[in-house]
Amino acid sequence: MQQSDDMEVPALNDLNYNSDRLKAQAQEGLRNQKDSEGSMESPNLEFEYGDTDSLTTELSELYSYTEEPEFSLNRDYFEEDFRTHVKGRRWVELSTEEQRTYIMRLLDALEVTDRDKRLKVARAILYLAQGVFDECDTETDVLYWSRHNVFLLYDMGIFTALLELLSMEIDNNQACSSAVRKPAISLADSTELRVLLSIMYLMVETIRVEMEEDGPEWRTAREAFKIELGSPLYNGEPFALLLFTMVTKFCSMSAPHFPMKKVLLLLWKTLLFTLGGFEELQDMKVEARRRLSLPPLPEDSIKVVRSMRAASPPASAMELIEQQQQQKRGRRSRRSAFVDSLEGDSPFARKQPLVKQDSLDTYNERDPFKNDDARDEDEDGDDVDSGIEGEVDPLDRDVIIQPPPPPPPLRPPSERVSFPKGLPWAPKVREKDIEQFLETSRNKFIGFTLGNDTETLVGLPRPIHESVKTLKQHKYVSIAEVQIKREDELQQCPMTMGEEQVEEAPAEVLYVGMLPSLSQYVIALLKLLLAAAPTSKAKTDSINILADVLPEEMPITVLQSMKLGIDVNRHKEIIVKAISALLLLLLKHFKLNHIYQFEYVSQHLVFANCIPLILKFFNQNIMSYISAKNSICVLDFPHCVVHEMPELTAESLEAGDSNQFCWRNLFSCINLLRILNKLTKWKHSRTMMLVVFKSAPILKRALKVKQAMMQLYVLKLLKIQTKYLGRQWRKSNMKTMSAIYQKVRHRLNDDWAYGNDIDARPWDFQAEECALRESIEKFNARRYDRNQSGEFAPVDNCLQSVLGQRVELPEDFHYSYEMWLEREVFSQPIQWEGLLQAQ
C-alpha cells in the first residue's frame, strides 16, 4: 500500500500535463470547463528574490507620508545656514574642498548645547544626505548627489558624531518619562531621533550598495565602514547592539516614542552590510567547506531556485463545486452518448462504438483513487481544507486505463535550455541515514548490529551492498555535523584538544554581544512582528508601533483619512519586512558560524511562540496581502521632491500603483516561510507543533501564490508533516504530493510520502528540546564563560592536607552548630550497603 501511494505521484504529473488534450479528444462539450478553471487561477508573478528591493524603493520606505512636510523644512534650514557662509553659489557648484570645509563647520555646530540649534544643524546635514533635491531636475540627479554627499559626510566623521548624539537621545530620561505620561504619542515626540536615524540609515544604505562607477576611494571607504560597524568600537560593542537596546526599551514601554520603523530598518541594513547578504553567504559557505576539506556543494541553491517555475495552485472550494457539477453533467452526457451509440445515431459511436463503454466499466470497477475503506480513521477531522484540490477529473482517470499519446512539450525549446533536466535538486543522504539503514538490514538478515560501522557488509545480500553503495554516492556531510563532532571532542578531551582558536568574524562578535540579553531581543522582535501582522487585532495592552506615523492633528476629511490609512498599512508592512529579513539573516549567519549559536537563537524563537505567530500571519487571504496596494507613488521619495505634486483624489488613492504584486509583502512572506523551515528542519517535536496547530490548510492556501520560491518553501513545510496527516489527506491532495515530488529535494530513504507507525508516534517534546538545550549550554559555558580561568588549577589529593585546611565559617555558626548536626548528620539515615556497592 505504501509503495503504490508513492508510485502514483510521478504518474499524476503526466496526467496533469495532458489533461486538456485528452478532454478535447474524449468529449467536445466539456472544453469550457478548463477555460472557466483557468480564468480563476492567479497569474505567474515575475518576482526576483534578493537581499533588498531597488535602492530607490529602499530609500523611499524610510519615510512615512506624514513626514512629507519635513522635506521642505530640511531644505529651508540648510539654505538659511548655507547662504550665511557661502553667498551667491549653490552646493552643486562648489568644489570638493569647499564642500568639505562647509561640512566641517556643520560638524562643529553639532556640538552646541542648545537643543534647537543642534536640531537645525542635523536637518541641514539630512538635506545633504537626501541629495540637495532643490538643486536637481531629475530623480537620477538626486540619487547621484545623495551618494556623493554621503561618502563625503562619512569621510568627515559625521557618523561618529551622530552616534554620540543618538546615545544622548536614548539616555534622555526626561523625553522618555514625558512620552510615557502622554495619552497619545505622535510624530512630534520623536523629531530628534527621526532626523538622526534618517541620516544614519541613508549613510549605511547608500555606502552598502556597490556600483560599477565607484572609484577606489569609495571602495576603500566602504570596506572601512563595514569593518567599523561590525567591530566592537562603540562602547565595546557593535553598533547593532545599540539598536537592539532601543528595540527592547521600546517594547518594555519605557521609551514609547522611539521611531521603531526607522530603528528596525537601520538595524536590518546594518546587519546586512556587516554580515553579508545571501550571495555572500553562499560564497562563505563554499569557502568554509573548502577549509574543512568537505566536498563541494552539489549545486548552487540560489541559481536552482531562480530557475524554477511556479506550479498551478490548488483549486478553490468554489472551483471544486463547479467542477463537481460539470462532472455530473459530463457523466449524463456520456451515458446519453453511449445510448445513442447502441442505436447507431451518434457520430462518436460510429468511430469508437464500444471502447469508451469498456473503459467506463473498468473505471467503475477499479477506481484507483476511490476510497473504498469507509473505516479509515487516519483523516484529521478538523482539517476543513483536506479536499481543497479535489479528486482527479473522471475524464482524466480514463488515462490510467488507456495509455495516453505522447505528451506535448512542457515548455518552448528556447526556454528549456536554461532549466535542468529531471529533478532540480541532487539527492542527499546523511551518515546517520546510512547507519540506520545498515542497522535495520543487519537485524533482519544477521540478527545483530555493529554500531556505527558503515563499512562492514559481511553476511548481507548483494542488493543491500548495491543500496549502501548508492547511499554513499549521495552522502552529504554538512558543516553543522563537523562542528557538532568537534564540539563533542572538545567537551570530552579538553586537555588533548587544547584551547579552541575562535575566528573574530562579524557574526561571532555579534553573538558574543547579544548573548547576555538574547532572549529579550528575540521576544521584543516577535512582539513587534505580532503588532504589525495584518491578522492581529488591536488590544489595549499591545505596544503602539504607530508613534512615528501618526500626525499631531488627526485627519478631518475623507481624503486625509484614506491617506493616513494607506500610510499606516504601509508602515506595518515595512516593519514586517524588516523583522522577517533581520531574523532570517541572523539565523543563516549564526548557523554558518556555529550550529549551536543557530540552535540557541532558534530555541528562543520557538519558546517565544514564533511558530504559531508565523502560522497566524499566513492565516489570512494571502493573495490579497501580496497584491495590496498600500502606496502612493507621487508621495514616494525622491519623486515627491523633484516633481510637482498633483492633486490627490479618493479615486487616485484607491487605484494605487499598477504593479502586479507588492514586492515587500511577497519578500516578507518568503522570509517568514524560510524562518519556519529553519526552525522545524530535522526537529520532530517542532514538526508535531505544525501538525497540532493545523498548519496544512493554512500552508495549502499559500500555494495559490504562483511564485516558485514561495511555493518551494511551502511544499517543504508540507513535506515534513505529510506522514503525520493521515492516508486520507494524502489521497485527497495528490497534486500537492506531486508538486513536492517535483520541487523539493529528495532524501533517498525518507518515507515522507507514506506514514510509518514508528515515525508517526508522538515525540517527547521536552526530552528532545532539553537534550538540545543541554548541548547549547555546555557550548556557551565552554566558549564564553569568562569566570573560568584559562589554566586548570592543581588538585590536592592528600586527605590530611584537605582536612587540615582552615574553613571560614559565619560568626553565628557556633550558635546553631548543634541544630545543624542534628538536622544534617544524626537525623539522616546512612545507607552503608549503598556506599559499599558504589565503591
# chains A, B, ... in the order shown; residues from 1 in each chain; ligands from 1
>>> residues_around(residues="Asp155 of chain A", least_positions_apart="2", cutoff="10 Å", atoms="only C-alpha atoms", output="VMD selection string")
chain A and resid 100 149 to 153 157 to 159 218 221 225
>>> select_by_dssp(residues="segment 157-226 of chain A", states="helix (DSSP H, G or I)", output="PyMOL selection string")
chain A and resi 158-170+173-181+187-208+216-226
>>> closest_residue(among="A:Phe618, A:Tyr754, A:Trp268, A:Tyr127", to="Leu586 of chain A", atoms="only C-alpha atoms")
A:Trp268
>>> residues_around(residues="Glu774 of chain A", least_positions_apart="6", cutoff="12 Å", atoms="only C-alpha atoms", output="list in words")
Tyr596, Glu599, Tyr600, Gln603, Gln766, Ala767, Glu768, Asn780 and Ala781 of chain A
>>> write_last_selection(atoms="C-alpha atoms", output="compact mmCIF listing (two decimals), in the first residue's frame")
# COMPACT_ATOMS: atom_id res chain seq x y z
CA TYR A 596 24.91 25.81 18.42
CA GLU A 599 20.21 26.45 17.76
CA TYR A 600 20.30 28.88 20.69
CA GLN A 603 15.17 27.69 20.64
CA GLN A 766 10.54 18.15 26.37
CA ALA A 767 13.16 15.39 26.12
CA GLU A 768 14.28 16.44 22.63
CA ASN A 780 28.20 28.55 25.72
CA ALA A 781 29.83 27.74 29.08
>>> decode(residues="segment 790-820 of chain A", atoms="N, CA, C and O atoms", output="short mmCIF file (atom, residue, chain, number, x, y, z; two decimals), in the first residue's frame")
data_model
loop_
_atom_site.label_atom_id
_atom_site.label_comp_id
_atom_site.auth_asym_id
_atom_site.auth_seq_id
_atom_site.Cartn_x
_atom_site.Cartn_y
_atom_site.Cartn_z
N GLY A 790 41.76 30.31 32.44
CA GLY A 790 42.30 29.64 31.26
C GLY A 790 43.09 28.39 31.60
O GLY A 790 43.16 27.46 30.81
N GLU A 791 43.72 28.33 32.79
CA GLU A 791 44.52 27.18 33.19
C GLU A 791 43.74 26.34 34.21
O GLU A 791 42.93 26.86 34.97
N PHE A 792 44.01 25.05 34.23
CA PHE A 792 43.40 24.16 35.23
C PHE A 792 44.16 24.29 36.55
O PHE A 792 45.39 24.28 36.57
N ALA A 793 43.41 24.44 37.67
CA ALA A 793 44.04 24.56 38.99
C ALA A 793 44.46 23.18 39.49
O ALA A 793 43.80 22.19 39.23
N PRO A 794 45.60 23.08 40.21
CA PRO A 794 46.04 21.77 40.74
C PRO A 794 45.09 21.27 41.82
O PRO A 794 44.48 22.06 42.55
N VAL A 795 44.94 19.96 41.91
CA VAL A 795 44.04 19.33 42.89
C VAL A 795 44.87 18.73 44.02
O VAL A 795 45.86 18.02 43.76
N ASP A 796 44.47 19.02 45.27
CA ASP A 796 45.16 18.47 46.45
C ASP A 796 44.54 17.11 46.78
O ASP A 796 43.37 17.02 47.17
N ASN A 797 45.31 16.01 46.60
CA ASN A 797 44.78 14.67 46.83
C ASN A 797 45.13 14.11 48.22
O ASN A 797 44.75 12.98 48.53
N CYS A 798 45.83 14.85 49.05
CA CYS A 798 46.23 14.38 50.38
C CYS A 798 45.09 14.61 51.38
O CYS A 798 44.63 15.73 51.57
N LEU A 799 44.63 13.53 52.04
CA LEU A 799 43.50 13.61 52.96
C LEU A 799 43.81 14.52 54.15
O LEU A 799 43.00 15.36 54.54
N GLN A 800 45.01 14.33 54.75
CA GLN A 800 45.37 15.14 55.91
C GLN A 800 45.45 16.63 55.56
O GLN A 800 45.04 17.49 56.32
N SER A 801 45.97 16.90 54.39
CA SER A 801 46.11 18.29 53.97
C SER A 801 44.73 18.94 53.76
O SER A 801 44.51 20.08 54.18
N VAL A 802 43.83 18.18 53.16
CA VAL A 802 42.49 18.73 52.91
C VAL A 802 41.76 18.96 54.22
O VAL A 802 41.13 20.02 54.43
N LEU A 803 41.83 17.97 55.15
CA LEU A 803 41.13 18.12 56.43
C LEU A 803 41.78 19.19 57.30
O LEU A 803 41.13 19.75 58.19
N GLY A 804 43.05 19.46 57.09
CA GLY A 804 43.76 20.44 57.92
C GLY A 804 43.56 21.88 57.46
O GLY A 804 44.04 22.80 58.12
N GLN A 805 42.84 22.10 56.33
CA GLN A 805 42.63 23.47 55.85
C GLN A 805 41.64 24.20 56.75
O GLN A 805 40.67 23.62 57.23
N ARG A 806 41.92 25.47 56.97
CA ARG A 806 41.00 26.29 57.76
C ARG A 806 39.84 26.74 56.88
O ARG A 806 40.03 27.21 55.76
N VAL A 807 38.66 26.59 57.38
CA VAL A 807 37.45 26.97 56.65
C VAL A 807 36.81 28.16 57.37
O VAL A 807 36.57 28.10 58.58
N GLU A 808 36.57 29.21 56.63
CA GLU A 808 35.95 30.40 57.21
C GLU A 808 34.46 30.14 57.40
O GLU A 808 33.73 29.88 56.43
N LEU A 809 34.00 30.19 58.65
CA LEU A 809 32.58 29.97 58.97
C LEU A 809 31.94 31.28 59.40
O LEU A 809 32.63 32.17 59.92
N PRO A 810 30.63 31.43 59.19
CA PRO A 810 29.97 32.66 59.64
C PRO A 810 30.04 32.82 61.16
O PRO A 810 30.20 31.84 61.90
N GLU A 811 29.94 34.04 61.62
CA GLU A 811 30.10 34.34 63.05
C GLU A 811 29.06 33.63 63.91
O GLU A 811 29.34 33.22 65.03
N ASP A 812 27.84 33.52 63.42
CA ASP A 812 26.78 32.93 64.23
C ASP A 812 26.68 31.43 64.09
O ASP A 812 25.71 30.82 64.54
N PHE A 813 27.68 30.80 63.44
CA PHE A 813 27.58 29.36 63.19
C PHE A 813 27.61 28.56 64.49
O PHE A 813 26.90 27.56 64.61
N HIS A 814 28.43 28.99 65.47
CA HIS A 814 28.56 28.20 66.70
C HIS A 814 27.26 28.21 67.52
O HIS A 814 27.03 27.32 68.34
N TYR A 815 26.38 29.21 67.27
CA TYR A 815 25.10 29.21 67.98
C TYR A 815 24.18 28.09 67.48
O TYR A 815 23.41 27.50 68.24
N SER A 816 24.23 27.83 66.19
CA SER A 816 23.32 26.84 65.59
C SER A 816 24.04 25.55 65.22
O SER A 816 23.50 24.74 64.46
N TYR A 817 25.25 25.35 65.78
CA TYR A 817 26.05 24.19 65.39
C TYR A 817 25.34 22.88 65.76
O TYR A 817 25.28 21.94 64.96
N GLU A 818 24.81 22.80 66.96
CA GLU A 818 24.17 21.56 67.39
C GLU A 818 22.92 21.26 66.55
O GLU A 818 22.66 20.11 66.22
N MET A 819 22.16 22.28 66.25
CA MET A 819 20.97 22.09 65.40
C MET A 819 21.38 21.58 64.02
O MET A 819 20.73 20.71 63.44
N TRP A 820 22.46 22.14 63.53
CA TRP A 820 22.93 21.72 62.20
C TRP A 820 23.34 20.25 62.21
O TRP A 820 23.03 19.49 61.29
#
